[in-house]
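Structure data (mmCIF, C-alpha atoms) from target_7.cif:
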```cif
data_final
loop_
_atom_site.label_atom_id
_atom_site.label_comp_id
_atom_site.auth_asym_id
_atom_site.auth_seq_id
_atom_site.Cartn_x
_atom_site.Cartn_y
_atom_site.Cartn_z
CA MET A 1 52.55 128.95 3.22
CA ALA A 2 48.88 128.12 3.92
CA VAL A 3 48.04 131.82 4.01
CA ARG A 4 49.56 132.41 0.57
CA ALA A 5 47.68 129.46 -0.95
CA ALA A 6 44.46 130.65 0.67
CA ALA A 7 44.97 134.15 -0.75
CA VAL A 8 44.39 132.84 -4.27
CA ARG A 9 40.89 131.61 -3.44
CA MET A 10 39.69 133.81 -0.60
CA PRO A 11 38.47 137.41 -0.69
CA GLU A 12 40.85 140.00 0.79
CA ARG A 13 38.89 140.38 4.05
CA ARG A 14 38.94 136.62 4.76
CA VAL A 15 42.69 136.51 4.11
CA ALA A 16 43.24 139.26 6.68
CA VAL A 17 41.11 137.39 9.23
CA ARG A 18 43.02 134.17 8.59
CA ARG A 19 46.34 136.00 8.88
CA ALA A 20 45.27 137.49 12.22
CA TRP A 21 44.21 134.03 13.43
CA TRP A 22 47.55 132.57 12.27
CA ASP A 23 49.58 135.34 13.95
CA HIS A 24 47.60 134.86 17.17
CA ARG A 25 48.15 131.06 17.14
CA MET A 26 51.88 131.45 16.50
CA THR A 27 52.34 134.05 19.26
CA GLU A 28 50.82 131.51 21.66
CA LEU A 29 53.47 128.99 20.64
CA ARG A 30 56.62 128.78 22.75
CA VAL A 31 59.68 126.77 21.65
CA ARG A 32 62.34 126.09 24.25
CA ALA A 33 64.73 123.46 25.56
CA ALA A 34 63.08 120.73 27.63
CA GLY A 35 63.93 120.63 31.30
CA PRO A 36 65.04 117.47 33.14
CA GLY A 37 61.66 117.25 34.90
CA GLU A 38 59.80 117.00 31.59
CA LEU A 39 61.38 113.85 30.20
CA ASP A 40 58.56 111.49 31.17
CA ALA A 41 56.06 113.82 29.50
CA VAL A 42 58.19 113.89 26.34
CA LEU A 43 58.40 110.09 26.26
CA ALA A 44 54.63 109.81 26.67
CA PHE A 45 54.15 112.45 23.97
CA TRP A 46 56.25 110.46 21.49
CA LYS A 47 53.95 107.46 21.94
CA THR A 48 51.08 109.62 20.69
CA ALA A 49 52.78 111.93 18.18
CA ALA A 50 55.92 110.24 16.82
CA GLU A 51 56.12 107.61 14.13
CA GLY A 52 58.03 104.47 15.04
CA THR A 53 60.21 103.80 18.04
CA SER A 54 63.91 104.00 18.71
CA ILE A 55 66.25 102.01 20.89
CA SER A 56 66.89 105.28 22.76
CA ASP A 57 63.22 106.03 23.49
CA ASP A 58 63.50 105.42 27.20
CA ARG A 59 64.10 107.51 30.28
CA GLU A 60 67.78 106.58 30.48
CA GLY A 61 68.43 107.46 26.83
CA VAL A 62 66.72 110.84 27.01
CA GLU A 63 68.41 111.64 30.34
CA ARG A 64 71.79 110.98 28.70
CA LEU A 65 70.89 113.28 25.81
CA VAL A 66 69.86 116.15 28.07
CA ALA A 67 72.82 115.65 30.43
CA ARG A 68 75.27 115.78 27.51
CA ASP A 69 73.55 118.62 25.65
CA PRO A 70 70.87 120.42 27.69
CA GLU A 71 69.74 122.49 24.68
CA ALA A 72 69.31 119.60 22.22
CA LEU A 73 65.75 118.53 23.08
CA LEU A 74 63.43 121.29 21.94
CA VAL A 75 59.77 121.33 22.84
CA ALA A 76 56.90 123.43 21.55
CA GLU A 77 54.12 124.30 23.93
CA ARG A 78 50.86 126.12 23.51
CA GLY A 79 48.78 127.09 26.48
CA GLY A 80 51.00 124.98 28.74
CA ASP A 81 50.43 121.84 26.64
CA LEU A 82 53.22 119.98 24.89
CA VAL A 83 52.40 120.09 21.15
CA GLY A 84 55.72 119.31 19.45
CA THR A 85 59.32 118.18 19.80
CA VAL A 86 62.55 117.94 17.87
CA ILE A 87 65.99 116.79 18.89
CA ALA A 88 68.61 119.13 17.44
CA GLY A 89 71.89 117.39 18.21
CA PHE A 90 75.27 118.78 17.26
CA ASP A 91 78.39 116.70 17.72
CA GLY A 92 80.79 119.48 16.76
CA TRP A 93 80.87 118.35 13.15
CA ARG A 94 77.36 117.54 11.99
CA CYS A 95 73.87 118.73 12.84
CA HIS A 96 71.40 115.91 13.37
CA LEU A 97 67.63 116.17 13.64
CA TYR A 98 65.54 113.48 15.29
CA ARG A 99 62.06 113.09 16.71
CA LEU A 100 60.35 115.95 14.92
CA ALA A 101 56.85 115.23 16.16
CA VAL A 102 53.70 117.31 16.36
CA HIS A 103 50.61 116.20 18.24
CA PRO A 104 48.02 114.93 15.73
CA ASP A 105 45.45 117.52 16.90
CA HIS A 106 47.89 120.38 16.22
CA ARG A 107 49.38 119.45 12.84
CA ARG A 108 49.45 121.82 9.87
CA GLN A 109 49.56 124.87 12.13
CA GLY A 110 53.23 125.83 11.71
CA ILE A 111 54.51 124.03 14.81
CA GLY A 112 56.92 121.78 12.89
CA THR A 113 58.21 124.80 11.00
CA ALA A 114 58.74 126.71 14.25
CA LEU A 115 60.63 123.76 15.75
CA LEU A 116 62.85 123.40 12.68
CA THR A 117 63.52 127.14 12.62
CA ALA A 118 64.63 126.99 16.27
CA ALA A 119 66.81 123.94 15.55
CA GLU A 120 68.42 125.57 12.51
CA GLU A 121 69.09 128.77 14.48
CA ARG A 122 70.70 126.66 17.19
CA PHE A 123 72.89 124.91 14.64
CA ALA A 124 73.93 128.19 13.00
CA GLY A 125 74.88 129.59 16.41
CA LEU A 126 77.06 126.54 17.05
CA GLY A 127 78.79 126.82 13.67
CA GLY A 128 76.88 124.00 12.00
CA ARG A 129 76.83 123.93 8.22
CA ARG A 130 74.17 121.40 7.28
CA GLY A 131 71.32 119.69 9.04
CA ASP A 132 70.40 116.10 8.38
CA ALA A 133 67.24 114.33 9.39
CA MET A 134 66.39 110.68 9.84
CA VAL A 135 62.99 109.98 8.28
CA LEU A 136 61.34 106.58 8.08
CA ARG A 137 60.89 105.44 4.50
CA ARG A 138 57.30 104.42 5.13
CA ASN A 139 56.36 107.75 6.73
CA GLU A 140 55.13 109.64 3.67
CA ARG A 141 53.57 112.43 5.72
CA ALA A 142 56.94 113.16 7.32
CA GLN A 143 58.72 113.02 3.97
CA HIS A 144 56.31 115.63 2.63
CA ALA A 145 56.89 117.85 5.68
CA TRP A 146 60.68 117.60 5.40
CA ARG A 147 60.55 118.43 1.67
CA ALA A 148 58.33 121.43 2.41
CA ALA A 149 60.94 122.60 4.92
CA GLY A 150 63.66 122.51 2.23
CA TYR A 151 65.24 119.14 3.03
CA ALA A 152 65.84 116.46 0.41
CA PRO A 153 66.94 112.82 0.60
CA GLN A 154 70.50 111.98 -0.35
CA GLU A 155 70.07 108.86 -2.41
CA GLN A 156 73.81 108.18 -2.55
CA TRP A 157 73.93 107.53 1.21
CA ARG A 158 72.57 104.59 3.15
CA ARG A 159 72.34 104.43 6.93
CA TRP A 160 74.25 101.56 8.52
CA VAL A 161 73.55 100.58 12.10
CA LYS A 162 74.83 98.14 14.68
CA PRO A 163 73.14 97.88 18.09
CA LEU A 164 75.74 98.17 20.84
CA THR A 165 73.63 96.38 23.42
CA ASP A 166 71.60 93.19 23.33
#
```
Kindly transcribe the structure held in the file into structure tokens.
Amino acid sequence: MAVRAAAVRMPERRVAVRRAWWDHRMTELRVRAAGPGELDAVLAFWKTAAEGTSISDDREGVERLVARDPEALLVAERGGDLVGTVIAGFDGWRCHLYRLAVHPDHRRQGIGTALLTAAEERFAGLGGRRGDAMVLRRNERAQHAWRAAGYAPQEQWRRWVKPLTD
């Protein structure tokens, strides 16, 4: 998307250079399922890159997730560094997306798009029909990113929650 917008303003040669840079950066990116030994790094990453906190943002919660569905926690890495995450959970009926987070120093480089593409491919392979994402109302940057990825809020629905522990 950034390349197309740049093509309007930039001479042909500069567009080709930018495209080569973009292709190089994306080939460096690796998206895969997180391993059990990486959970502490993911939790630390969320403190830097994710907006808000969740009742499940602890070692025990993430261990349960990975034990139940080892492919649900996707990470993006570049040069061995963790640069993004998304949880792509499927309960057999619905596809849920949580914790889409990209390190602040690596935003607007296609990492979120790559993570969502991997999540959507996972869902399609499992027979999922629609992905839904939880996005904080106050997080306007995230709302813009989700809209750009083709997602839209469903105003007729409201999330209801009840903590199961004190």
Near-Ala44 (chain A) list (10 Å; all atoms listed in the file; drop same-chain fewer than 6 positions) as a PyMOL selection string = chain A and resi 50+57-58
Report as CSV: every residue of region 95-129 of chain A with an atom at most 10 Å from region 28-32 of chain A, its closest pair of atoms, and their distance in Å to one decimal, counting all atoms listed in the file, with rows sorted by chain and ascending residue number.
```
residue,atom,partner,partner_atom,distance
A:Gly110,CA,A:Leu29,CA,9.5
A:Ile111,CA,A:Leu29,CA,7.7
A:Ala114,CA,A:Val31,CA,7.5
A:Leu115,CA,A:Val31,CA,6.7
A:Thr117,CA,A:Val31,CA,9.8
A:Ala118,CA,A:Val31,CA,7.3
A:Ala119,CA,A:Val31,CA,9.8
```
Write a file of the selected residues as a tab-separated table (two decimals), keeping the file's coordinate frame, keeping C-alpha atoms.
```tsv
chain	number	residue	atom	x	y	z
A	110	GLY	CA	53.23	125.83	11.71
A	111	ILE	CA	54.51	124.03	14.81
A	114	ALA	CA	58.74	126.71	14.25
A	115	LEU	CA	60.63	123.76	15.75
A	117	THR	CA	63.52	127.14	12.62
A	118	ALA	CA	64.63	126.99	16.27
A	119	ALA	CA	66.81	123.94	15.55
```
Counting only C-alpha atoms, the residue of A:Gly35, A:Gln143, A:Glu60, A:Val86 that sits nearest Leu116 (chain A) | A:Val86
Two-atom distance - CA of Arg59 (chain A), CA of Gly112 (chain A) (Å) |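 It comes out at 23.6 Å.
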Expressed in Å to a single decimal, how great is the separation between CA of Ala49 (chain A) and CA of Pro104 (chain A)?
->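 So the two atoms, CA of Ala49 (chain A) and CA of Pro104 (chain A), lie 6.1 Å apart.
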Return as an MDAnalysis selection string the set of residues that the PyMOL selection byres ((chain A and resi 99-101) around 10) yields on the displayed structure.
-> chainID A and resid 45:46 48:54 57 73:76 83:88 97:98 102:104 107 111:113 115:116 133:135 142 146
Hey, can you spit out that residue selection with C-alpha atoms as a CSV table (one decimal), in the coordinates of the input?
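Ended up saving to part05.csv:
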```csv
chain,number,residue,atom,x,y,z
A,45,PHE,CA,54.2,112.4,24.0
A,46,TRP,CA,56.2,110.5,21.5
A,48,THR,CA,51.1,109.6,20.7
A,49,ALA,CA,52.8,111.9,18.2
A,50,ALA,CA,55.9,110.2,16.8
A,51,GLU,CA,56.1,107.6,14.1
A,52,GLY,CA,58.0,104.5,15.0
A,53,THR,CA,60.2,103.8,18.0
A,54,SER,CA,63.9,104.0,18.7
A,57,ASP,CA,63.2,106.0,23.5
A,73,LEU,CA,65.8,118.5,23.1
A,74,LEU,CA,63.4,121.3,21.9
A,75,VAL,CA,59.8,121.3,22.8
A,76,ALA,CA,56.9,123.4,21.6
A,83,VAL,CA,52.4,120.1,21.2
A,84,GLY,CA,55.7,119.3,19.4
A,85,THR,CA,59.3,118.2,19.8
A,86,VAL,CA,62.6,117.9,17.9
A,87,ILE,CA,66.0,116.8,18.9
A,88,ALA,CA,68.6,119.1,17.4
A,97,LEU,CA,67.6,116.2,13.6
A,98,TYR,CA,65.5,113.5,15.3
A,102,VAL,CA,53.7,117.3,16.4
A,103,HIS,CA,50.6,116.2,18.2
A,104,PRO,CA,48.0,114.9,15.7
A,107,ARG,CA,49.4,119.4,12.8
A,111,ILE,CA,54.5,124.0,14.8
A,112,GLY,CA,56.9,121.8,12.9
A,113,THR,CA,58.2,124.8,11.0
A,115,LEU,CA,60.6,123.8,15.8
A,116,LEU,CA,62.8,123.4,12.7
A,133,ALA,CA,67.2,114.3,9.4
A,134,MET,CA,66.4,110.7,9.8
A,135,VAL,CA,63.0,110.0,8.3
A,142,ALA,CA,56.9,113.2,7.3
A,146,TRP,CA,60.7,117.6,5.4
```
List the residues selected by the PyMOL selection byres ((chain A and resi 93) around 12) in the file shown, writing them as number ranges by chain.
-> A: 89-92, 94-96, 123, 126-132
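CA of Ala72 (chain A) is found 13.4 Å from CA of Ala124 (chain A).
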With 6 Å of padding per side, what axis-aligned box (centre and edge lengths, Å, one decimal) covers all the listed atoms of region 66-69 of chain A? Give it as JSON.
```
{"center_x": 72.6, "center_y": 117.1, "center_z": 28.0, "size_x": 17.4, "size_y": 15.0, "size_z": 16.8}
```
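Around region 62-68 of chain A, within 10 Å and counting all atoms listed in the file, the residues found are Ala33, Ala34, Gly35, Pro36, Gly37, Leu39, Asp40, Val42, Leu43, Ser56, Ile87 and Gly89 of chain A, once anything fewer than 6 positions away on its own chain is removed.
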Counting all atoms listed in the file, which of A:Glu38, A:Leu136, A:Ala149, A:Ile55 gets nearest to Lys162 (chain A)?
->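 Checking each of A:Glu38, A:Leu136, A:Ala149, A:Ile55 against Lys162 (chain A), counting all atoms listed in the file, the winner is A:Ile55.
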